[in-house]
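Colleague: My structure is below; once you've seen it, I'll send some questions.
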Amino acid sequence: MKKFFEGIASVWKIEELRNKITFTLLLLLVYRFGAHVTLPGIDATQLNSLAGQTKQGIGSILDMFTGGAFSKASVFALGIMPYISASIVVQLMGIAIPYLQKLQKEGESGRKRLNQITRWLTIVITLVQGPGYIYNMYRTLPSSAFLMGFDSFSFLFSSVLILTTGTIFAMWLGEKITDKGIGNGISLLIMVGILARLPQAFLQEFTSTITNNNGGPMVLVIEVTVWLLVIIACVLLVMAVRRIPVQYARRTMTGDFEQDATGGNRQWIPLKLNAAGVMPIIFAQAIMFIPAALAGLSKSDASQTIAGTFSNMFGFWYNFVFALLIIVFTYFYTAITVPTNKMADDLKRSGGFIPGTKPGVETADYLDKIMSLITFPGSLFLALIAIFPAIVVGFGVQQAWAMFFGGTSLIIMVGVAIDTIQQINSYLLNKHYDGLMKTGKNRKAVA
């Protein structure tokens, strides 16, 4: 612990790193401020119905990712999620569209072009989601909450324009944090939105268990202990890798000839246990919205039953289907993001080989087999963490607090925290300081 605080002190000794962190915190503060600015034409005192809609079910997920902006009818009500949706679409379409595949191989210029396509697609998605959000407010809020008149076209037009601008501004904030701050800006915006709900959720659980004598202090201690254990499990899931040994041929000089000899430097290929990250949960969550939405279009008893089943995110069948989709999408996303053929080709060109495996096709098949084997337990573990909030709700934990026991929110928080700490570590080590998670004496700067 002492070394950790020494690492924190070292951060402020590096002016560049200190400026990056300060810049990041300021932009995050701007984003959180915008989440509390209500859309013009809405009476902020009459948003209780909208807030009640987001206390449970799917609405609570949307509100969590926007940091409460969704329930406040904020200018950032759609948050950064349209940009995330656009990024997913562009990434998936890159599998089927040759033009996007070409851009992916063009390095920095191709990446800039893909980013531009993602930005334009974000605007299109926001223009579609904006009217849907306004229509939801028409159905939820009383007519007196609309100061410019109920169903007013001027309100609809201005609100959609403001929501689109808010999403674009949030996207700009994220990109600026990535370029000039520390960490991945888009991920940090999502994480800050999730963390904004944590104090209130814990306070509600504290009030329920302590003040209302619903279990007492011991129950709260057990809940916090389980929560910390789940966080540790998420860290292990994010950090776990299978190391594949790689041998590189050693070049020796014999007179005027250069020869290759085995027994050179030994390195490793780290294959992550959860190479897909949080994307399978996001994909599965998006699919889970569809049955309830389609069933809601019909008034039949069967449709209403389906809508009720897939709207209850803490129900058995919802979580059973959710877990199966996560396992399937984990295999799918790993297959498209881990290029085993390219890894084998790069290894062959660099003179490396896996002991006991022939370079080329046999190496690619071996890597693909290993990825399939480690993806199975990884997908099961990811699915378990995703449905864990529904499990703890069954033991009496309140839904708002249960959302932090797993699912997309906890995986995102852990992943973003680890990525940000690793970036800070790289700055510290480059300046000859120990990293935040390192031990030992600080290294002196080299003159």
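So you can find residues: chains in the structure tokens are A, B, ... in the order shown, residues in each start at 1, and ligands are numbered from 1 in order.
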Can you pull out the residues contacting Phe388 of chain A? Cut-off 12 Å, using only C-alpha atoms, and skip same-chain residues under 5 positions away; I want them as JSON, numbers by chain.

Modeller: {"A": [226, 227, 230, 231, 233, 234, 313, 314, 315, 316, 319, 320, 322, 323, 381, 382, 383, 393, 394, 395, 397, 399, 401, 402, 403, 404, 405, 406, 407, 408, 409, 410, 411]}

Colleague: Write out, as a compact mmCIF listing (two decimals), in the first residue's frame, the residues just selected, with N, CA, C and O atoms.

Modeller:
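Saved file part_3.txt follows:
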# COMPACT_ATOMS: atom_id res chain seq x y z
N VAL A 226 -19.01 -9.67 -0.84
CA VAL A 226 -19.32 -10.36 -2.10
C VAL A 226 -19.04 -9.46 -3.29
O VAL A 226 -18.49 -9.89 -4.31
N TRP A 227 -19.41 -8.18 -3.16
CA TRP A 227 -19.17 -7.21 -4.24
C TRP A 227 -17.67 -7.10 -4.54
O TRP A 227 -17.26 -7.10 -5.71
N VAL A 230 -16.49 -10.16 -6.37
CA VAL A 230 -16.89 -10.13 -7.78
C VAL A 230 -15.97 -9.21 -8.58
O VAL A 230 -15.60 -9.52 -9.72
N ILE A 231 -15.58 -8.08 -7.99
CA ILE A 231 -14.64 -7.18 -8.66
C ILE A 231 -13.31 -7.88 -8.91
O ILE A 231 -12.73 -7.77 -10.00
N ALA A 233 -12.89 -11.06 -9.25
CA ALA A 233 -13.13 -12.04 -10.31
C ALA A 233 -13.13 -11.36 -11.68
O ALA A 233 -12.60 -11.92 -12.66
N CYS A 234 -13.70 -10.16 -11.77
CA CYS A 234 -13.70 -9.43 -13.04
C CYS A 234 -12.29 -9.04 -13.46
O CYS A 234 -11.93 -9.10 -14.64
N MET A 313 -35.65 -7.91 -16.46
CA MET A 313 -34.24 -8.29 -16.60
C MET A 313 -33.75 -9.10 -15.40
O MET A 313 -32.60 -9.56 -15.41
N PHE A 314 -34.58 -9.30 -14.41
CA PHE A 314 -34.18 -10.13 -13.27
C PHE A 314 -34.93 -11.47 -13.26
O PHE A 314 -34.81 -12.24 -12.31
N GLY A 315 -35.70 -11.72 -14.34
CA GLY A 315 -36.44 -12.97 -14.44
C GLY A 315 -35.57 -14.12 -14.94
O GLY A 315 -34.50 -13.91 -15.52
N PHE A 316 -36.05 -15.35 -14.74
CA PHE A 316 -35.27 -16.54 -15.10
C PHE A 316 -35.06 -16.65 -16.61
O PHE A 316 -33.92 -16.80 -17.08
N ASN A 319 -32.73 -14.04 -18.22
CA ASN A 319 -31.30 -14.27 -17.96
C ASN A 319 -30.79 -15.56 -18.60
O ASN A 319 -29.62 -15.64 -18.97
N PHE A 320 -31.67 -16.56 -18.75
CA PHE A 320 -31.26 -17.80 -19.42
C PHE A 320 -30.92 -17.52 -20.88
O PHE A 320 -29.85 -17.92 -21.38
N PHE A 322 -30.31 -14.56 -22.14
CA PHE A 322 -29.21 -13.59 -22.11
C PHE A 322 -27.86 -14.29 -22.01
O PHE A 322 -26.91 -13.97 -22.73
N ALA A 323 -27.75 -15.26 -21.11
CA ALA A 323 -26.49 -15.99 -20.93
C ALA A 323 -26.12 -16.78 -22.18
O ALA A 323 -24.95 -16.80 -22.59
N PHE A 381 -17.72 -17.79 -17.83
CA PHE A 381 -17.44 -16.87 -16.74
C PHE A 381 -18.06 -15.50 -17.02
O PHE A 381 -18.65 -14.86 -16.12
N LEU A 382 -17.96 -15.04 -18.27
CA LEU A 382 -18.53 -13.75 -18.65
C LEU A 382 -20.06 -13.79 -18.52
O LEU A 382 -20.67 -12.83 -18.03
N ALA A 383 -20.67 -14.89 -18.94
CA ALA A 383 -22.12 -15.02 -18.83
C ALA A 383 -22.56 -15.04 -17.36
O ALA A 383 -23.58 -14.44 -16.99
N VAL A 393 -30.28 -10.37 -6.55
CA VAL A 393 -31.61 -9.84 -6.28
C VAL A 393 -32.47 -10.90 -5.61
O VAL A 393 -33.31 -10.61 -4.74
N GLY A 394 -32.26 -12.15 -6.00
CA GLY A 394 -32.99 -13.24 -5.38
C GLY A 394 -32.69 -13.41 -3.90
O GLY A 394 -33.47 -14.04 -3.17
N PHE A 395 -31.58 -12.84 -3.44
CA PHE A 395 -31.21 -12.91 -2.02
C PHE A 395 -31.61 -11.64 -1.26
O PHE A 395 -31.14 -11.43 -0.13
N VAL A 397 -31.19 -8.32 -2.31
CA VAL A 397 -30.46 -7.08 -2.61
C VAL A 397 -31.33 -6.20 -3.50
O VAL A 397 -31.97 -6.69 -4.44
N GLN A 399 -32.51 -3.69 -6.42
CA GLN A 399 -32.13 -3.76 -7.82
C GLN A 399 -31.06 -2.73 -8.20
O GLN A 399 -30.14 -3.04 -8.96
N TRP A 401 -28.66 -1.43 -6.40
CA TRP A 401 -27.36 -1.86 -5.86
C TRP A 401 -26.91 -3.15 -6.54
O TRP A 401 -25.71 -3.36 -6.78
N ALA A 402 -27.87 -4.01 -6.90
CA ALA A 402 -27.53 -5.28 -7.55
C ALA A 402 -26.90 -5.06 -8.92
O ALA A 402 -26.10 -5.90 -9.36
N MET A 403 -27.21 -3.96 -9.60
CA MET A 403 -26.66 -3.70 -10.93
C MET A 403 -25.14 -3.58 -10.90
O MET A 403 -24.48 -3.77 -11.92
N PHE A 404 -24.56 -3.28 -9.74
CA PHE A 404 -23.11 -3.13 -9.62
C PHE A 404 -22.44 -4.44 -9.23
O PHE A 404 -21.22 -4.47 -9.01
N PHE A 405 -23.19 -5.52 -9.14
CA PHE A 405 -22.62 -6.82 -8.80
C PHE A 405 -22.22 -7.61 -10.04
O PHE A 405 -21.84 -8.77 -9.95
N GLY A 406 -22.30 -7.01 -11.19
CA GLY A 406 -21.92 -7.71 -12.40
C GLY A 406 -22.46 -7.00 -13.62
O GLY A 406 -22.72 -5.80 -13.60
N GLY A 407 -22.65 -7.75 -14.69
CA GLY A 407 -23.19 -7.18 -15.91
C GLY A 407 -22.21 -6.27 -16.63
O GLY A 407 -21.01 -6.21 -16.34
N THR A 408 -22.76 -5.53 -17.59
CA THR A 408 -21.94 -4.65 -18.41
C THR A 408 -21.25 -3.58 -17.57
O THR A 408 -20.09 -3.22 -17.82
N SER A 409 -21.97 -3.05 -16.59
CA SER A 409 -21.45 -1.92 -15.81
C SER A 409 -20.15 -2.28 -15.10
O SER A 409 -19.15 -1.55 -15.19
N LEU A 410 -20.11 -3.42 -14.41
CA LEU A 410 -18.92 -3.79 -13.64
C LEU A 410 -17.76 -4.14 -14.56
O LEU A 410 -16.61 -3.76 -14.30
N ILE A 411 -18.03 -4.85 -15.66
CA ILE A 411 -16.98 -5.21 -16.60
C ILE A 411 -16.36 -3.95 -17.20
O ILE A 411 -15.14 -3.84 -17.35

Colleague: Just want the 12 Å neighbourhood of Gln129 of chain A, counted on only C-alpha atoms, with same-chain residues fewer than 3 positions away dropped. Output as a PyMOL selection string.

Modeller: chain A and resi 77-79+81-83+85+122-126+132-136+159-161+163-164+167

Colleague: Go ahead and save the residues from that selection, with N, CA and C atoms, as a compact mmCIF listing (two decimals), in the first residue's frame.

Modeller:
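Now in result-v5.txt:
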# COMPACT_ATOMS: atom_id res chain seq x y z
N ALA A 77 -29.21 13.16 -22.91
CA ALA A 77 -30.07 12.03 -22.57
C ALA A 77 -29.70 10.77 -23.34
N LEU A 78 -29.25 10.92 -24.59
CA LEU A 78 -28.84 9.75 -25.38
C LEU A 78 -27.40 9.36 -25.10
N GLY A 79 -26.67 10.25 -24.43
CA GLY A 79 -25.30 9.94 -24.03
C GLY A 79 -24.40 9.64 -25.21
N MET A 81 -24.05 6.51 -26.29
CA MET A 81 -24.45 5.20 -26.80
C MET A 81 -24.66 5.17 -28.31
N PRO A 82 -25.19 6.23 -28.97
CA PRO A 82 -25.27 6.19 -30.43
C PRO A 82 -23.90 6.02 -31.09
N TYR A 83 -22.87 6.62 -30.49
CA TYR A 83 -21.52 6.45 -31.03
C TYR A 83 -21.04 5.01 -30.86
N SER A 85 -22.98 2.38 -30.73
CA SER A 85 -23.73 1.60 -31.71
C SER A 85 -23.13 1.74 -33.10
N THR A 122 -23.07 7.97 -36.50
CA THR A 122 -23.56 8.37 -35.17
C THR A 122 -24.67 9.40 -35.28
N ILE A 123 -24.48 10.37 -36.18
CA ILE A 123 -25.51 11.40 -36.39
C ILE A 123 -26.80 10.77 -36.90
N VAL A 124 -26.68 9.82 -37.84
CA VAL A 124 -27.86 9.16 -38.39
C VAL A 124 -28.61 8.40 -37.29
N ILE A 125 -27.86 7.66 -36.48
CA ILE A 125 -28.49 6.88 -35.40
C ILE A 125 -29.16 7.81 -34.39
N THR A 126 -28.51 8.93 -34.07
CA THR A 126 -29.08 9.87 -33.11
C THR A 126 -30.36 10.49 -33.64
N GLY A 132 -37.61 8.97 -31.07
CA GLY A 132 -38.10 7.89 -30.21
C GLY A 132 -38.08 8.28 -28.75
N TYR A 133 -37.02 8.99 -28.34
CA TYR A 133 -36.93 9.45 -26.95
C TYR A 133 -38.01 10.48 -26.64
N ILE A 134 -38.24 11.41 -27.59
CA ILE A 134 -39.27 12.43 -27.39
C ILE A 134 -40.66 11.79 -27.34
N TYR A 135 -40.90 10.80 -28.20
CA TYR A 135 -42.18 10.10 -28.19
C TYR A 135 -42.40 9.38 -26.86
N ASN A 136 -41.32 8.82 -26.30
CA ASN A 136 -41.43 8.17 -24.99
C ASN A 136 -41.81 9.18 -23.91
N SER A 159 -35.76 19.78 -29.89
CA SER A 159 -35.27 18.77 -28.96
C SER A 159 -34.39 17.73 -29.67
N VAL A 160 -34.85 17.27 -30.85
CA VAL A 160 -34.04 16.31 -31.61
C VAL A 160 -32.72 16.94 -32.01
N LEU A 161 -32.75 18.21 -32.40
CA LEU A 161 -31.52 18.90 -32.77
C LEU A 161 -30.57 19.01 -31.58
N LEU A 163 -30.56 17.06 -28.83
CA LEU A 163 -30.09 15.72 -28.46
C LEU A 163 -28.97 15.27 -29.39
N THR A 164 -29.11 15.55 -30.68
CA THR A 164 -28.06 15.20 -31.65
C THR A 164 -26.79 15.98 -31.35
N THR A 167 -25.05 14.56 -28.25
CA THR A 167 -24.30 13.34 -28.51
C THR A 167 -23.00 13.65 -29.24

Colleague: Which polymer residues have any atom within 12 Å of an atom of Gly277 of chain A, counting only C-alpha atoms, with same-chain residues fewer than 2 positions away left out, as a PyMOL selection string?

Modeller: chain A and resi 234-235+237-240+272-275+279-283+326+329-331+333-334+337-338+375+378-379+381-383+407-408+410-416

Colleague: What's around His36 of chain A at 10 Å? Count only C-alpha atoms, leave out sequence neighbours fewer than 4 positions away in its own chain, and write the answer as a list in words.

Modeller: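 Result of the neighbour search: Tyr31, Arg32, Gly67, Gly68, Ala69, Phe70, Ser71, Lys72, Ala73, Ser74, Val75, Phe76 and Ala77 of chain A.
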
Colleague: Include all heavy atoms and write out the residues we just selected as a short mmCIF file (atom, residue, chain, number, x, y, z; two decimals), in the first residue's frame.

Modeller:
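Output contents, as saved in part01.cif:
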data_model
loop_
_atom_site.label_atom_id
_atom_site.label_comp_id
_atom_site.auth_asym_id
_atom_site.auth_seq_id
_atom_site.Cartn_x
_atom_site.Cartn_y
_atom_site.Cartn_z
N TYR A 31 -18.88 17.02 -18.85
CA TYR A 31 -19.85 16.01 -19.27
C TYR A 31 -20.88 15.76 -18.17
O TYR A 31 -22.08 15.66 -18.44
CB TYR A 31 -19.12 14.71 -19.61
CG TYR A 31 -20.04 13.59 -20.03
CD1 TYR A 31 -20.70 13.62 -21.24
CD2 TYR A 31 -20.25 12.49 -19.19
CE1 TYR A 31 -21.55 12.60 -21.63
CE2 TYR A 31 -21.09 11.46 -19.57
CZ TYR A 31 -21.73 11.52 -20.79
OH TYR A 31 -22.58 10.49 -21.16
N ARG A 32 -20.43 15.68 -16.93
CA ARG A 32 -21.36 15.45 -15.82
C ARG A 32 -22.27 16.68 -15.60
O ARG A 32 -23.44 16.53 -15.24
CB ARG A 32 -20.59 15.15 -14.53
CG ARG A 32 -19.93 13.80 -14.52
CD ARG A 32 -20.92 12.69 -14.76
NE ARG A 32 -22.02 12.75 -13.80
CZ ARG A 32 -23.25 12.33 -14.07
NH1 ARG A 32 -23.55 11.85 -15.26
NH2 ARG A 32 -24.19 12.41 -13.14
N GLY A 67 -25.54 8.02 -17.07
CA GLY A 67 -25.26 8.69 -15.81
C GLY A 67 -26.45 9.44 -15.24
O GLY A 67 -26.28 10.49 -14.60
N GLY A 68 -27.66 8.95 -15.50
CA GLY A 68 -28.87 9.61 -15.01
C GLY A 68 -29.44 10.64 -15.94
O GLY A 68 -30.51 11.20 -15.68
N ALA A 69 -28.76 10.92 -17.07
CA ALA A 69 -29.23 11.94 -18.01
C ALA A 69 -30.53 11.52 -18.68
O ALA A 69 -31.36 12.36 -19.03
CB ALA A 69 -28.16 12.22 -19.06
N PHE A 70 -30.72 10.22 -18.88
CA PHE A 70 -31.93 9.71 -19.54
C PHE A 70 -33.18 10.05 -18.72
O PHE A 70 -34.19 10.48 -19.27
CB PHE A 70 -31.81 8.19 -19.71
CG PHE A 70 -32.91 7.56 -20.52
CD1 PHE A 70 -32.79 7.45 -21.90
CD2 PHE A 70 -34.06 7.09 -19.92
CE1 PHE A 70 -33.81 6.89 -22.66
CE2 PHE A 70 -35.08 6.52 -20.65
CZ PHE A 70 -34.95 6.42 -22.04
N SER A 71 -33.12 9.87 -17.43
CA SER A 71 -34.28 10.13 -16.57
C SER A 71 -34.46 11.62 -16.27
O SER A 71 -35.51 12.02 -15.77
CB SER A 71 -34.15 9.36 -15.26
OG SER A 71 -32.98 9.78 -14.54
N LYS A 72 -33.47 12.43 -16.58
CA LYS A 72 -33.55 13.87 -16.31
C LYS A 72 -33.94 14.66 -17.56
O LYS A 72 -33.96 15.89 -17.52
CB LYS A 72 -32.21 14.40 -15.77
CG LYS A 72 -31.82 13.87 -14.41
CD LYS A 72 -30.50 14.50 -13.95
CE LYS A 72 -30.14 14.07 -12.53
NZ LYS A 72 -29.79 12.64 -12.45
N ALA A 73 -34.22 13.96 -18.69
CA ALA A 73 -34.53 14.63 -19.95
C ALA A 73 -33.44 15.65 -20.28
O ALA A 73 -33.72 16.79 -20.68
CB ALA A 73 -35.90 15.29 -19.90
N SER A 74 -32.19 15.21 -20.12
CA SER A 74 -31.04 16.11 -20.28
C SER A 74 -30.66 16.27 -21.74
O SER A 74 -31.09 15.50 -22.62
CB SER A 74 -29.85 15.53 -19.48
OG SER A 74 -28.64 16.10 -19.88
N VAL A 75 -29.85 17.28 -22.01
CA VAL A 75 -29.31 17.46 -23.36
C VAL A 75 -28.38 16.30 -23.73
O VAL A 75 -28.10 16.08 -24.91
CB VAL A 75 -28.55 18.80 -23.47
CG1 VAL A 75 -29.51 19.98 -23.28
CG2 VAL A 75 -27.41 18.88 -22.45
N PHE A 76 -27.89 15.57 -22.73
CA PHE A 76 -27.08 14.37 -22.96
C PHE A 76 -27.89 13.09 -22.70
O PHE A 76 -27.34 12.07 -22.33
CB PHE A 76 -25.85 14.37 -22.03
CG PHE A 76 -24.80 15.37 -22.40
CD1 PHE A 76 -23.89 15.82 -21.46
CD2 PHE A 76 -24.71 15.87 -23.69
CE1 PHE A 76 -22.90 16.74 -21.79
CE2 PHE A 76 -23.73 16.80 -24.04
CZ PHE A 76 -22.84 17.23 -23.10
N ALA A 77 -29.21 13.16 -22.91
CA ALA A 77 -30.07 12.03 -22.57
C ALA A 77 -29.70 10.77 -23.34
O ALA A 77 -29.83 9.65 -22.83
CB ALA A 77 -31.54 12.38 -22.84
#

Colleague: Please compute the atom CA of Thr363 of chain A-atom CA of Ala344 of chain A distance, one decimal, in Å.

Modeller: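 Interatomic distance, atom CA of Thr363 of chain A to atom CA of Ala344 of chain A: 5.8 Å.
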
Colleague: As a ChimeraX atom specification, please: the residues near Asn184 of chain A (cut-off 10 Å, only C-alpha atoms, same-chain neighbours under 5 positions excluded).

Modeller: /A:174-179,189,416,419-420,423

Colleague: With N, CA, C and O atoms kept, could you save the residues just selected as a tab-separated table (two decimals), in the first residue's frame?

Modeller:
chain	number	residue	atom	x	y	z
A	174	GLY	N	-15.02	12.85	-25.67
A	174	GLY	CA	-14.31	11.57	-25.57
A	174	GLY	C	-13.07	11.52	-26.44
A	174	GLY	O	-12.02	11.04	-26.01
A	175	GLU	N	-13.17	12.03	-27.66
A	175	GLU	CA	-12.01	12.02	-28.56
A	175	GLU	C	-10.91	12.95	-28.06
A	175	GLU	O	-9.72	12.64	-28.19
A	176	LYS	N	-11.29	14.08	-27.47
A	176	LYS	CA	-10.28	15.00	-26.93
A	176	LYS	C	-9.57	14.39	-25.73
A	176	LYS	O	-8.36	14.57	-25.55
A	177	ILE	N	-10.32	13.65	-24.90
A	177	ILE	CA	-9.68	12.98	-23.77
A	177	ILE	C	-8.68	11.95	-24.27
A	177	ILE	O	-7.58	11.83	-23.74
A	178	THR	N	-9.06	11.20	-25.31
A	178	THR	CA	-8.16	10.19	-25.86
A	178	THR	C	-6.90	10.83	-26.43
A	178	THR	O	-5.79	10.32	-26.24
A	179	ASP	N	-7.05	11.97	-27.12
A	179	ASP	CA	-5.92	12.61	-27.79
A	179	ASP	C	-5.01	13.36	-26.81
A	179	ASP	O	-3.78	13.27	-26.90
A	189	LEU	N	-16.12	8.21	-20.35
A	189	LEU	CA	-17.42	8.86	-20.24
A	189	LEU	C	-18.48	7.87	-19.77
A	189	LEU	O	-19.33	8.19	-18.93
A	416	VAL	N	-11.93	-0.37	-17.91
A	416	VAL	CA	-11.46	1.01	-18.10
A	416	VAL	C	-10.45	1.38	-17.03
A	416	VAL	O	-9.44	2.04	-17.32
A	419	ASP	N	-7.13	-0.30	-17.89
A	419	ASP	CA	-6.51	0.34	-19.05
A	419	ASP	C	-5.91	1.69	-18.68
A	419	ASP	O	-4.79	2.03	-19.10
A	420	THR	N	-6.63	2.48	-17.87
A	420	THR	CA	-6.12	3.79	-17.47
A	420	THR	C	-4.89	3.66	-16.59
A	420	THR	O	-3.90	4.40	-16.75
A	423	GLN	N	-1.87	2.86	-18.66
A	423	GLN	CA	-1.32	4.03	-19.35
A	423	GLN	C	-0.52	4.92	-18.40
A	423	GLN	O	0.54	5.44	-18.77

Colleague: Separation of atom CA of Arg139 of chain A and atom CA of Asp151 of chain A, in Å?

Modeller: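 Atom-to-atom, atom CA of Arg139 of chain A and atom CA of Asp151 of chain A are spaced 10.6 Å apart.
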
Colleague: Give me, please, the distance in Å between atom CA of Leu114 of chain A and atom CA of Gly34 of chain A, quoted to one decimal.

Modeller: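 Value for the atom CA of Leu114 of chain A-atom CA of Gly34 of chain A distance: 27.8 Å.
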
Colleague: Determine, counting only C-alpha atoms, which protein, DNA and RNA residues have an atom within 12 Å of an atom of Gln101 of chain A; residues of the same chain fewer than 4 positions away are not included. Present the result as a list of chain:residue names.

Modeller: A:Val90, A:Gln91, A:Leu92, A:Met93, A:Gly94, A:Ile95, A:Ala96, A:Ile97, A:Lys105, A:Glu106, A:Gly107, A:Gly110, A:Arg111, A:Arg113, A:Leu114

Colleague: Extract the full set of strand (DSSP E) residues from segment 43-264 of chain A according to DSSP on the backbone, and format it as a list of chain:residue names.

Modeller: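 Put together, the selection reads A:Val241, A:Arg242, A:Arg243, A:Ile244, A:Pro245, A:Val246, A:Gln247, A:Tyr248, A:Arg250, A:Arg251, A:Thr252, A:Met253, A:Thr254, A:Phe257, A:Glu258, A:Gln259, A:Asp260, A:Ala261.
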
Colleague: If you keep C-alpha atoms, can you produce a file of those selected residues as a PDB file, in the first residue's frame?

Modeller:
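Writing the result to result_3.pdb gives the following:
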ATOM      1  CA  VAL A 241      -4.031 -14.884 -20.558  1.00  0.00           C
ATOM      2  CA  ARG A 242      -2.804 -18.193 -21.929  1.00  0.00           C
ATOM      3  CA  ARG A 243       0.870 -17.788 -22.839  1.00  0.00           C
ATOM      4  CA  ILE A 244       1.954 -19.684 -25.952  1.00  0.00           C
ATOM      5  CA  PRO A 245       5.757 -20.170 -26.009  1.00  0.00           C
ATOM      6  CA  VAL A 246       7.498 -18.920 -29.161  1.00  0.00           C
ATOM      7  CA  GLN A 247      11.080 -19.703 -30.181  1.00  0.00           C
ATOM      8  CA  TYR A 248      13.021 -17.414 -32.492  1.00  0.00           C
ATOM      9  CA  ARG A 250      19.303 -17.338 -33.439  1.00  0.00           C
ATOM     10  CA  ARG A 251      21.578 -15.992 -36.152  1.00  0.00           C
ATOM     11  CA  THR A 252      25.277 -16.872 -35.893  1.00  0.00           C
ATOM     12  CA  MET A 253      28.225 -15.721 -37.993  1.00  0.00           C
ATOM     13  CA  THR A 254      30.650 -18.313 -39.344  1.00  0.00           C
ATOM     14  CA  PHE A 257      28.356 -16.822 -43.785  1.00  0.00           C
ATOM     15  CA  GLU A 258      25.344 -16.124 -41.618  1.00  0.00           C
ATOM     16  CA  GLN A 259      23.526 -19.200 -40.365  1.00  0.00           C
ATOM     17  CA  ASP A 260      20.331 -19.799 -38.393  1.00  0.00           C
ATOM     18  CA  ALA A 261      20.427 -21.955 -35.320  1.00  0.00           C
TER      19      ALA A 261
END

Colleague: Measuring between only C-alpha atoms, which one of A:Ile14, A:Ile117, A:Ala276, A:Ala400 shows the shortest distance to Ile336 of chain A?

Modeller: A:Ala276
